[in-house]
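**Q** Contents of work.cif (mmCIF, C-alpha atoms):
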data_upload
loop_
_atom_site.label_atom_id
_atom_site.label_comp_id
_atom_site.auth_asym_id
_atom_site.auth_seq_id
_atom_site.Cartn_x
_atom_site.Cartn_y
_atom_site.Cartn_z
CA MET A 1 -52.71 61.76 55.26
CA LYS A 2 -50.01 62.23 52.63
CA ARG A 3 -48.12 59.11 51.54
CA ASN A 4 -44.77 59.32 49.86
CA GLU A 5 -44.02 57.81 46.47
CA ASP A 6 -41.88 54.99 47.84
CA GLU A 7 -44.59 53.85 50.19
CA LEU A 8 -47.10 53.70 47.36
CA GLU A 9 -44.64 51.82 45.16
CA ARG A 10 -43.94 49.31 47.89
CA PHE A 11 -47.62 48.78 48.50
CA LEU A 12 -48.24 48.17 44.79
CA ASP A 13 -45.30 45.79 44.47
CA ARG A 14 -46.48 43.74 47.36
CA ALA A 15 -50.15 43.75 46.43
CA LEU A 16 -49.44 42.83 42.80
CA ALA A 17 -47.13 40.01 43.86
CA GLU A 18 -49.83 38.64 46.13
CA TYR A 19 -52.57 39.15 43.62
CA SER A 20 -52.01 35.78 41.97
CA GLU A 21 -52.75 32.64 43.92
CA ALA A 22 -51.67 29.02 43.59
CA PRO A 23 -54.31 26.33 43.10
CA ARG A 24 -55.10 23.72 45.72
CA GLU A 25 -53.24 20.43 45.54
CA GLY A 26 -54.47 17.88 43.03
CA LEU A 27 -55.80 20.34 40.45
CA GLU A 28 -54.47 18.29 37.52
CA GLN A 29 -56.02 15.07 38.81
CA ARG A 30 -59.37 16.75 39.34
CA ILE A 31 -59.34 18.19 35.83
CA LEU A 32 -58.38 14.86 34.27
CA ALA A 33 -61.02 13.03 36.25
CA ASN A 34 -63.63 15.49 35.10
CA LEU A 35 -62.51 15.18 31.49
CA ALA A 36 -62.80 11.41 31.73
CA THR A 37 -66.40 11.64 32.93
CA SER A 38 -67.46 14.38 30.55
CA PRO A 39 -69.77 13.25 27.72
CA ALA A 40 -68.23 12.07 24.47
CA LYS A 41 -67.50 14.66 21.87
CA THR A 42 -70.41 15.31 19.60
CA ARG A 43 -69.86 17.78 16.86
CA TRP A 44 -73.17 19.24 15.78
CA PRO A 45 -73.24 21.88 13.11
CA SER A 46 -74.01 25.25 14.56
CA ALA A 47 -77.50 26.72 14.46
CA TRP A 48 -76.69 29.21 11.77
CA LEU A 49 -76.02 26.29 9.45
CA LEU A 50 -78.94 24.16 10.58
CA VAL A 51 -81.63 26.82 10.21
CA PRO A 52 -81.10 27.62 6.50
CA ALA A 53 -80.63 23.92 5.72
CA CYS A 54 -84.00 23.13 7.34
CA ALA A 55 -85.63 26.02 5.51
CA VAL A 56 -84.38 24.74 2.17
CA LEU A 57 -85.56 21.20 2.95
CA ILE A 58 -89.02 22.33 4.03
CA SER A 59 -89.53 24.60 1.04
CA GLY A 60 -88.38 21.80 -1.26
CA ALA A 61 -90.85 19.39 0.33
CA VAL A 62 -93.68 21.92 0.01
CA LEU A 63 -92.93 22.51 -3.66
CA TRP A 64 -92.76 18.77 -4.26
CA LEU A 65 -96.05 17.99 -2.55
CA LYS A 66 -98.00 20.99 -3.83
CA PRO A 67 -100.54 19.88 -6.51
CA GLU A 68 -100.09 21.64 -9.79
CA LYS A 69 -102.88 24.07 -10.54
CA GLU A 70 -105.02 22.96 -13.41
CA VAL A 71 -105.38 25.54 -16.06
CA PRO A 72 -109.03 25.81 -16.98
CA ALA A 73 -109.68 25.16 -20.59
CA PRO A 74 -110.72 28.18 -22.55
CA THR A 75 -114.41 28.34 -23.17
CA VAL A 76 -115.34 29.02 -26.72
CA VAL A 77 -118.82 30.15 -27.24
CA ASN A 78 -120.21 30.09 -30.70
CA THR A 79 -123.24 31.90 -31.73
CA VAL A 80 -125.97 29.38 -32.20
CA VAL A 81 -126.97 29.61 -35.78
CA PRO A 82 -129.61 27.36 -37.14
CA THR A 83 -128.21 25.60 -40.14
CA ALA A 84 -130.91 25.63 -42.65
CA PRO A 85 -130.18 24.87 -46.27
CA ASN A 86 -129.14 27.81 -48.40
CA VAL A 87 -128.49 29.93 -45.37
CA VAL A 88 -125.39 32.05 -45.52
CA PRO A 89 -123.15 31.25 -42.52
CA PRO A 90 -122.48 34.12 -40.17
CA LYS A 91 -119.08 35.67 -40.58
CA THR A 92 -118.67 36.83 -37.00
CA LEU A 93 -117.75 34.37 -34.33
CA VAL A 94 -117.85 35.44 -30.72
CA VAL A 95 -114.98 33.96 -28.84
CA THR A 96 -114.36 34.49 -25.15
CA VAL A 97 -111.27 33.11 -23.51
CA ALA A 98 -111.20 32.53 -19.78
CA LYS A 99 -108.60 34.46 -17.76
CA GLN A 100 -105.35 32.59 -17.42
CA PRO A 101 -104.07 32.21 -13.82
CA LYS A 102 -100.45 31.91 -14.88
CA PRO A 103 -99.31 34.61 -17.25
CA HIS A 104 -96.27 32.71 -18.50
CA ARG A 105 -98.39 30.02 -20.09
CA PRO A 106 -99.24 30.76 -23.68
CA LYS A 107 -102.84 31.52 -24.29
CA PRO A 108 -104.62 29.12 -26.61
CA ARG A 109 -104.73 30.57 -30.02
CA VAL A 110 -108.15 30.84 -31.52
CA THR A 111 -108.06 31.51 -35.18
CA GLN A 112 -111.08 32.80 -36.92
CA ASP A 113 -111.48 31.50 -40.38
CA SER A 114 -114.24 33.40 -42.01
CA THR A 115 -114.27 31.07 -44.98
CA ALA A 116 -114.78 27.91 -42.99
CA ALA A 117 -118.27 26.66 -42.46
CA PRO A 118 -119.62 27.20 -38.98
CA ARG A 119 -119.61 24.24 -36.71
CA LEU A 120 -122.91 22.64 -36.06
CA PRO A 121 -124.30 23.05 -32.58
CA THR A 122 -124.85 19.34 -32.06
CA PHE A 123 -122.65 16.30 -32.50
CA PRO A 124 -122.73 14.12 -34.54
CA SER A 125 -123.56 16.67 -37.09
CA GLN A 126 -126.51 15.86 -39.22
CA PRO A 127 -126.02 15.52 -42.94
CA ASP A 128 -127.06 18.28 -45.14
CA GLU A 129 -130.67 17.79 -46.11
CA SER A 130 -130.08 18.51 -49.77
CA GLN A 131 -127.37 15.84 -49.98
CA ALA A 132 -129.60 13.37 -48.13
CA ARG A 133 -132.39 14.01 -50.58
CA MET A 134 -130.05 13.47 -53.57
CA LEU A 135 -128.73 10.20 -52.03
CA LEU A 136 -132.28 9.02 -51.47
CA GLN A 137 -133.16 9.75 -55.11
CA PHE A 138 -130.06 7.85 -56.29
CA VAL A 139 -130.78 4.77 -54.16
CA GLN A 140 -134.38 4.74 -55.19
CA GLY A 141 -133.49 5.19 -58.89
CA SER A 142 -130.78 2.55 -59.15
CA PRO A 143 -130.82 0.25 -56.14
CA GLN A 144 -128.50 -2.39 -57.65
CA THR A 145 -125.79 0.15 -58.34
CA ALA A 146 -126.26 1.49 -54.85
CA GLN A 147 -125.94 -2.01 -53.38
CA GLN A 148 -122.81 -2.62 -55.44
CA VAL A 149 -121.31 0.67 -54.27
CA VAL A 150 -122.01 -0.26 -50.65
CA LYS A 151 -120.50 -3.72 -51.13
CA GLU A 152 -117.38 -2.31 -52.77
CA GLU A 153 -117.05 0.18 -49.93
CA GLU A 154 -117.26 -2.63 -47.36
CA ASP A 155 -114.66 -4.67 -49.24
CA PHE A 156 -112.37 -1.70 -49.37
CA GLN A 157 -112.72 -1.12 -45.61
CA LYS A 158 -111.98 -4.81 -44.95
CA LEU A 159 -108.90 -4.63 -47.16
CA VAL A 160 -107.67 -1.55 -45.34
CA ALA A 161 -108.20 -3.22 -41.98
CA GLN A 162 -106.37 -6.34 -43.14
CA ASN A 163 -103.40 -4.31 -44.36
CA PHE A 164 -103.30 -2.45 -41.05
CA GLN A 165 -103.19 -5.69 -39.06
CA ASP A 166 -100.46 -7.13 -41.28
CA SER A 167 -98.28 -4.10 -40.95
CA ASN A 168 -98.71 -4.14 -37.14
CA HIS A 169 -97.70 -7.77 -36.99
CA THR A 170 -94.56 -7.15 -39.06
CA ASN A 171 -93.54 -4.16 -36.87
CA GLY A 172 -94.02 -6.24 -33.75
CA LEU A 173 -91.66 -8.93 -35.03
CA GLU A 174 -89.02 -6.37 -35.97
CA THR A 175 -89.03 -4.69 -32.61
CA ARG A 176 -88.44 -8.03 -30.89
CA MET B 1 -60.86 -10.69 11.93
CA SER B 2 -58.94 -9.80 8.77
CA SER B 3 -55.49 -8.23 8.84
CA VAL B 4 -56.85 -5.00 7.31
CA ALA B 5 -59.52 -4.74 9.98
CA MET B 6 -56.91 -5.48 12.63
CA ALA B 7 -54.65 -2.76 11.23
CA SER B 8 -57.51 -0.23 11.19
CA ARG B 9 -58.42 -1.13 14.74
CA GLU B 10 -54.79 -0.73 15.77
CA ASN B 11 -54.61 2.68 14.06
CA ILE B 12 -57.79 3.87 15.71
CA LEU B 13 -56.58 2.78 19.12
CA GLU B 14 -53.19 4.38 18.53
CA VAL B 15 -54.67 7.69 17.41
CA ALA B 16 -57.10 7.68 20.32
CA GLN B 17 -54.29 6.96 22.75
CA ARG B 18 -52.15 9.72 21.23
CA ALA B 19 -54.99 12.23 21.53
CA GLU B 20 -55.58 11.21 25.14
CA THR B 21 -51.89 11.55 25.94
CA THR B 22 -51.83 15.01 24.43
CA ILE B 23 -54.70 16.26 26.58
CA GLU B 24 -53.15 14.67 29.62
CA ASP B 25 -49.84 16.35 28.82
CA LEU B 26 -51.57 19.68 28.37
CA VAL B 27 -53.31 19.37 31.71
CA ARG B 28 -50.15 18.39 33.55
CA GLU B 29 -48.12 21.14 31.91
CA HIS B 30 -50.51 24.10 31.88
CA ALA B 31 -53.24 23.51 34.43
CA ARG B 32 -51.62 25.74 37.05
CA THR B 33 -51.09 28.62 34.63
CA VAL B 34 -54.63 28.31 33.38
CA PHE B 35 -55.89 28.30 36.95
CA ARG B 36 -53.82 31.38 37.88
CA VAL B 37 -55.07 33.29 34.85
CA ALA B 38 -58.64 32.41 35.77
CA TYR B 39 -58.05 33.28 39.39
CA SER B 40 -56.56 36.67 38.52
CA VAL B 41 -59.96 37.55 37.06
CA VAL B 42 -62.53 35.72 39.17
CA ARG B 43 -60.66 35.99 42.50
CA ASN B 44 -62.18 32.81 43.80
CA HIS B 45 -60.71 29.30 44.00
CA ALA B 46 -63.87 27.41 43.11
CA ASP B 47 -64.70 29.63 40.14
CA ALA B 48 -61.11 29.60 38.91
CA GLU B 49 -61.09 25.81 39.02
CA ASP B 50 -64.39 25.70 37.17
CA VAL B 51 -62.92 27.93 34.50
CA ALA B 52 -59.82 25.75 34.22
CA GLN B 53 -61.99 22.63 33.88
CA GLU B 54 -64.08 24.27 31.19
CA ALA B 55 -60.99 25.48 29.32
CA PHE B 56 -59.58 21.95 29.12
CA LEU B 57 -62.96 20.52 28.21
CA ARG B 58 -63.13 22.92 25.29
CA ALA B 59 -59.61 21.95 24.33
CA THR B 60 -60.71 18.29 24.24
CA ARG B 61 -63.73 19.12 22.11
CA HIS B 62 -61.55 21.03 19.71
CA GLY B 63 -59.62 17.87 18.80
CA ARG B 64 -56.41 17.95 16.71
CA LEU B 65 -54.47 19.28 19.68
CA GLU B 66 -51.19 18.41 18.01
CA SER B 67 -51.90 21.05 15.34
CA ILE B 68 -52.01 23.92 17.87
CA GLU B 69 -48.85 25.96 17.62
CA ASN B 70 -48.71 27.43 21.14
CA PRO B 71 -51.00 25.43 23.41
CA ARG B 72 -50.23 27.53 26.48
CA ALA B 73 -51.22 30.83 24.88
CA TRP B 74 -54.26 29.15 23.37
CA LEU B 75 -55.40 27.74 26.72
CA VAL B 76 -54.70 31.04 28.48
CA LYS B 77 -56.86 32.84 25.93
CA ILE B 78 -59.73 30.39 26.45
CA ALA B 79 -59.46 30.65 30.23
CA TRP B 80 -59.23 34.42 30.07
CA ARG B 81 -62.46 34.73 28.09
CA LEU B 82 -64.30 32.20 30.23
CA ALA B 83 -63.18 34.02 33.38
CA LEU B 84 -64.30 37.39 32.03
CA ASP B 85 -67.73 35.89 31.29
CA LYS B 86 -67.95 34.62 34.86
CA VAL B 87 -66.74 37.74 36.63
CA ARG B 88 -69.28 40.01 34.94
CA ARG B 89 -71.88 38.76 37.38
CA ALA B 90 -69.69 39.17 40.49
CA PRO B 91 -70.72 41.88 42.98
CA GLU B 92 -68.27 44.52 44.22
CA GLU B 93 -66.60 43.76 47.53
CA PRO B 94 -66.84 46.33 50.36
CA LEU B 95 -63.75 48.16 51.68
CA ASP B 96 -65.11 49.48 54.98
CA ASP B 97 -62.77 47.35 57.09
CA VAL B 98 -59.77 48.48 55.00
CA VAL B 99 -60.65 52.11 55.61
CA ASP B 100 -61.09 51.47 59.37
CA THR B 101 -57.75 49.70 59.58
CA LEU B 102 -55.91 52.40 57.70
CA ARG B 103 -57.45 55.16 59.85
CA SER B 104 -56.28 53.58 63.04
CA ALA B 105 -52.95 52.24 61.79
CA GLU B 106 -49.55 53.84 61.99
CA GLY B 107 -46.51 52.97 59.96
CA PRO B 108 -46.06 51.95 56.33
CA LEU B 109 -49.13 51.38 54.23
CA ASP B 110 -48.24 47.90 53.03
CA GLU B 111 -47.65 46.64 56.56
CA ALA B 112 -50.77 48.16 58.02
CA LEU B 113 -53.10 45.98 56.03
CA LEU B 114 -53.55 42.23 55.93
CA GLN B 115 -52.76 40.42 52.70
CA GLU B 116 -56.42 39.84 51.98
CA GLN B 117 -57.16 43.55 52.56
CA ARG B 118 -54.29 44.64 50.29
CA THR B 119 -55.57 42.38 47.56
CA ARG B 120 -59.13 43.63 47.92
CA LEU B 121 -57.96 47.24 47.73
CA LEU B 122 -55.81 46.53 44.69
CA ARG B 123 -58.70 44.75 43.03
CA ARG B 124 -60.93 47.77 43.53
CA LEU B 125 -58.25 50.01 42.02
CA ILE B 126 -57.68 47.68 39.06
CA ALA B 127 -61.40 47.62 38.37
CA THR B 128 -61.31 51.37 37.71
CA LEU B 129 -58.63 51.10 35.02
CA PRO B 130 -59.48 51.22 31.32
CA SER B 131 -60.02 47.69 30.03
CA ASP B 132 -56.88 47.54 27.86
CA LEU B 133 -54.67 48.49 30.82
CA ARG B 134 -56.62 46.30 33.22
CA GLN B 135 -56.14 43.19 31.06
CA VAL B 136 -52.40 43.66 30.87
CA ILE B 137 -51.85 44.38 34.56
CA VAL B 138 -54.01 41.44 35.62
CA LEU B 139 -52.22 38.99 33.36
CA SER B 140 -48.82 40.36 34.40
CA THR B 141 -49.58 39.36 38.00
CA VAL B 142 -49.59 35.71 36.92
CA GLU B 143 -46.01 34.73 37.54
CA GLU B 144 -45.80 32.26 34.66
CA MET B 145 -46.89 34.87 32.15
CA ALA B 146 -44.10 36.67 30.33
CA ASN B 147 -44.79 39.71 28.16
CA ALA B 148 -44.74 37.52 25.04
CA ASP B 149 -47.39 35.21 26.53
CA ILE B 150 -49.59 38.15 27.48
CA ALA B 151 -49.19 39.61 24.02
CA GLN B 152 -50.22 36.33 22.44
CA ALA B 153 -53.16 35.82 24.75
CA LEU B 154 -54.51 39.32 24.13
CA GLY B 155 -53.53 39.43 20.46
CA ILE B 156 -51.40 42.57 20.76
CA PRO B 157 -47.69 43.27 20.08
CA ASP B 158 -45.09 42.74 22.82
CA ALA B 159 -44.23 46.44 22.86
CA SER B 160 -47.85 47.29 23.58
CA VAL B 161 -47.79 44.98 26.58
CA ARG B 162 -44.78 46.76 28.04
CA GLY B 163 -46.24 50.19 27.40
CA ARG B 164 -49.63 49.30 28.82
CA ALA B 165 -48.10 47.68 31.89
CA LEU B 166 -46.14 50.85 32.65
CA ARG B 167 -49.14 53.10 32.12
CA ALA B 168 -51.33 50.79 34.20
CA ARG B 169 -48.91 50.84 37.09
CA ARG B 170 -48.56 54.64 36.94
CA MET B 171 -52.32 55.02 36.89
CA LEU B 172 -52.73 52.58 39.79
CA LYS B 173 -50.35 54.65 41.87
CA GLN B 174 -52.25 57.83 41.13
CA LYS B 175 -55.57 56.19 41.93
CA LEU B 176 -54.23 54.76 45.17
CA ALA B 177 -52.90 58.14 46.27
CA SER B 178 -56.14 59.82 45.38
CA TRP B 179 -58.22 57.14 47.12
CA LEU B 180 -56.14 57.37 50.30
CA GLU B 181 -56.39 61.16 50.33
CA LYS B 182 -60.14 61.09 49.81
CA THR B 183 -60.90 58.26 52.23
CA LEU B 184 -58.57 58.93 55.18
#
Take the structure from the file and write it as structure tokens.

**A**
Amino acid sequence: MKRNEDELERFLDRALAEYSEAPREGLEQRILANLATSPAKTRWPSAWLLVPACAVLISGAVLWLKPEKEVPAPTVVNTVVPTAPNVVPPKTLVVTVAKQPKPHRPKPRVTQDSTAAPRLPTFPSQPDESQARMLLQFVQGSPQTAQQVVKEEEDFQKLVAQNFQDSNHTNGLETR
Amino acid sequence: MSSVAMASRENILEVAQRAETTIEDLVREHARTVFRVAYSVVRNHADAEDVAQEAFLRATRHGRLESIENPRAWLVKIAWRLALDKVRRAPEEPLDDVVDTLRSAEGPLDEALLQEQRTRLLRRLIATLPSDLRQVIVLSTVEEMANADIAQALGIPDASVRGRALRARRMLKQKLASWLEKTL
């Protein structure tokens, strides 16, 4: 069935005019009543702000609580050389340094001094036997002089100790 | 209570009262337009009222209502978007009874159908329009909406509204003619 243009136009005019519809009575009152009972306004930051903020807080807490890794002390191994009198000290010193876990930390510097005497394997180090023998000969040969030397040494130590105490006392007064 | 505290309390109460008055004014002034805009999309009283409620609730949550330049256009835009979200889930209405009526009817097309049938047929035709034309023709059916209001709500120039409305109407006529020819 063919419809003419006017008929179509009229239909559209009428249908479009009827397309909108008025609300039921009391719409404003219902809206206002609903607004009055709606929960109070709470303005939370949106999730895209909360998530990175939480991430930063958590990572900060982890870094704060994480115990700092102890760097193991380098192990220095000396060749055990018996120190006998008139023995030429060995010139080579084997040094091994443990691997460092953090590369940015400076490695401990181990200097090899070929002229220095090798450290003794035990502590306290024992006196050289030749010197001990000479001291024994001196004490046995002139005991009075030896006693006097010992006494003078003790007096000197006492004097040093006394001076040290005095200076400490003076500093303490000044700082107050 | 000190005078400063009293003054602060007075200010708070005054500001709160002003804000309340503003929302109340908005509701009284624009509720019907907002409802009609919502209804033009959802085609259902209950849903349109829900949309209107939600639009004003969002307006309340926004705060600083006095700073909004054109509250009507702003509310219409909110209602329009809310209504579009709601209508996406709506099923398509059947037109079998419209076809039956038209087959048996004589006389002019607009008088043959009931108002509800005319509206259902128009709705089906509008649904087939491109979205830019559909938006304009739907909003232009709301009697309170002038071209400037539609332009503001959709964020397009006034001239575009006029052009789209004309194209939409022309296309509706073609679709109606084609539908009638195919169906009857």

**Q** Please write as a PyMOL selection string the full residue list that the PyMOL selection byres ((chain A and resi 23) around 8) yields on this file.

**A** (chain A and resi 21-22+24-25+27) or (chain B and resi 32+35-36+45+49)

**Q** Given the file shown, enumerate the residues that the PyMOL selection byres ((chain A) within 6 of (chain B)) captures and present them as a ChimeraX atom specification.

**A** /A:11,15-16,19-20,28,31,41

**Q** Kindly provide the residues of segment 29-98 of chain B that approach segment 146-151 of chain B to within 10 Å, each paired with its closest atom pair and their distance in Å to one decimal, based on only C-alpha atoms, listed by chain and increasing number, as JSON lines.

**A**
{"residue": "B:Asn70", "atom": "CA", "partner": "B:Asp149", "partner_atom": "CA", "distance": 9.6}
{"residue": "B:Arg72", "atom": "CA", "partner": "B:Asp149", "partner_atom": "CA", "distance": 8.2}
{"residue": "B:Ala73", "atom": "CA", "partner": "B:Asp149", "partner_atom": "CA", "distance": 6.0}
{"residue": "B:Trp74", "atom": "CA", "partner": "B:Asp149", "partner_atom": "CA", "distance": 9.7}
{"residue": "B:Val76", "atom": "CA", "partner": "B:Asp149", "partner_atom": "CA", "distance": 8.6}
{"residue": "B:Lys77", "atom": "CA", "partner": "B:Ile150", "partner_atom": "CA", "distance": 9.1}

**Q** Include C-alpha atoms and write out the residues we just selected as a PDB file, keeping the file's coordinate frame.

**A**
ATOM      1  CA  ASN B  70     -48.710  27.430  21.140  1.00  0.00           C
ATOM      2  CA  ARG B  72     -50.230  27.530  26.480  1.00  0.00           C
ATOM      3  CA  ALA B  73     -51.220  30.830  24.880  1.00  0.00           C
ATOM      4  CA  TRP B  74     -54.260  29.150  23.370  1.00  0.00           C
ATOM      5  CA  VAL B  76     -54.700  31.040  28.480  1.00  0.00           C
ATOM      6  CA  LYS B  77     -56.860  32.840  25.930  1.00  0.00           C
TER       7      LYS B  77
END

**Q** Between atom CA of Ala83 of chain B and atom CA of Val51 of chain B, what distance in Å does the model show, to one decimal?

**A**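 Atom-to-atom, atom CA of Ala83 of chain B and atom CA of Val51 of chain B are spaced 6.2 Å apart.
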
**Q** Which is closer to Ser131 of chain B than all the others in B:Leu154, B:Ala79, B:Ala112, B:Ala159, using only C-alpha atoms?

**A**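 Answer, going by the shortest atom-to-atom distance: B:Leu154.
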
**Q** What is the atom CA of Ala153 of chain B to atom CA of Asp85 of chain B distance in Å?

**A**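 Atom CA of Asp85 of chain B lies 16.0 Å from atom CA of Ala153 of chain B.
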
**Q** Would you compute the distance between atom CA of Glu92 of chain B and atom CA of Leu125 of chain B? Give it in Å to one decimal.

**A**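 Separation of atom CA of Glu92 of chain B and atom CA of Leu125 of chain B: 11.6 Å.
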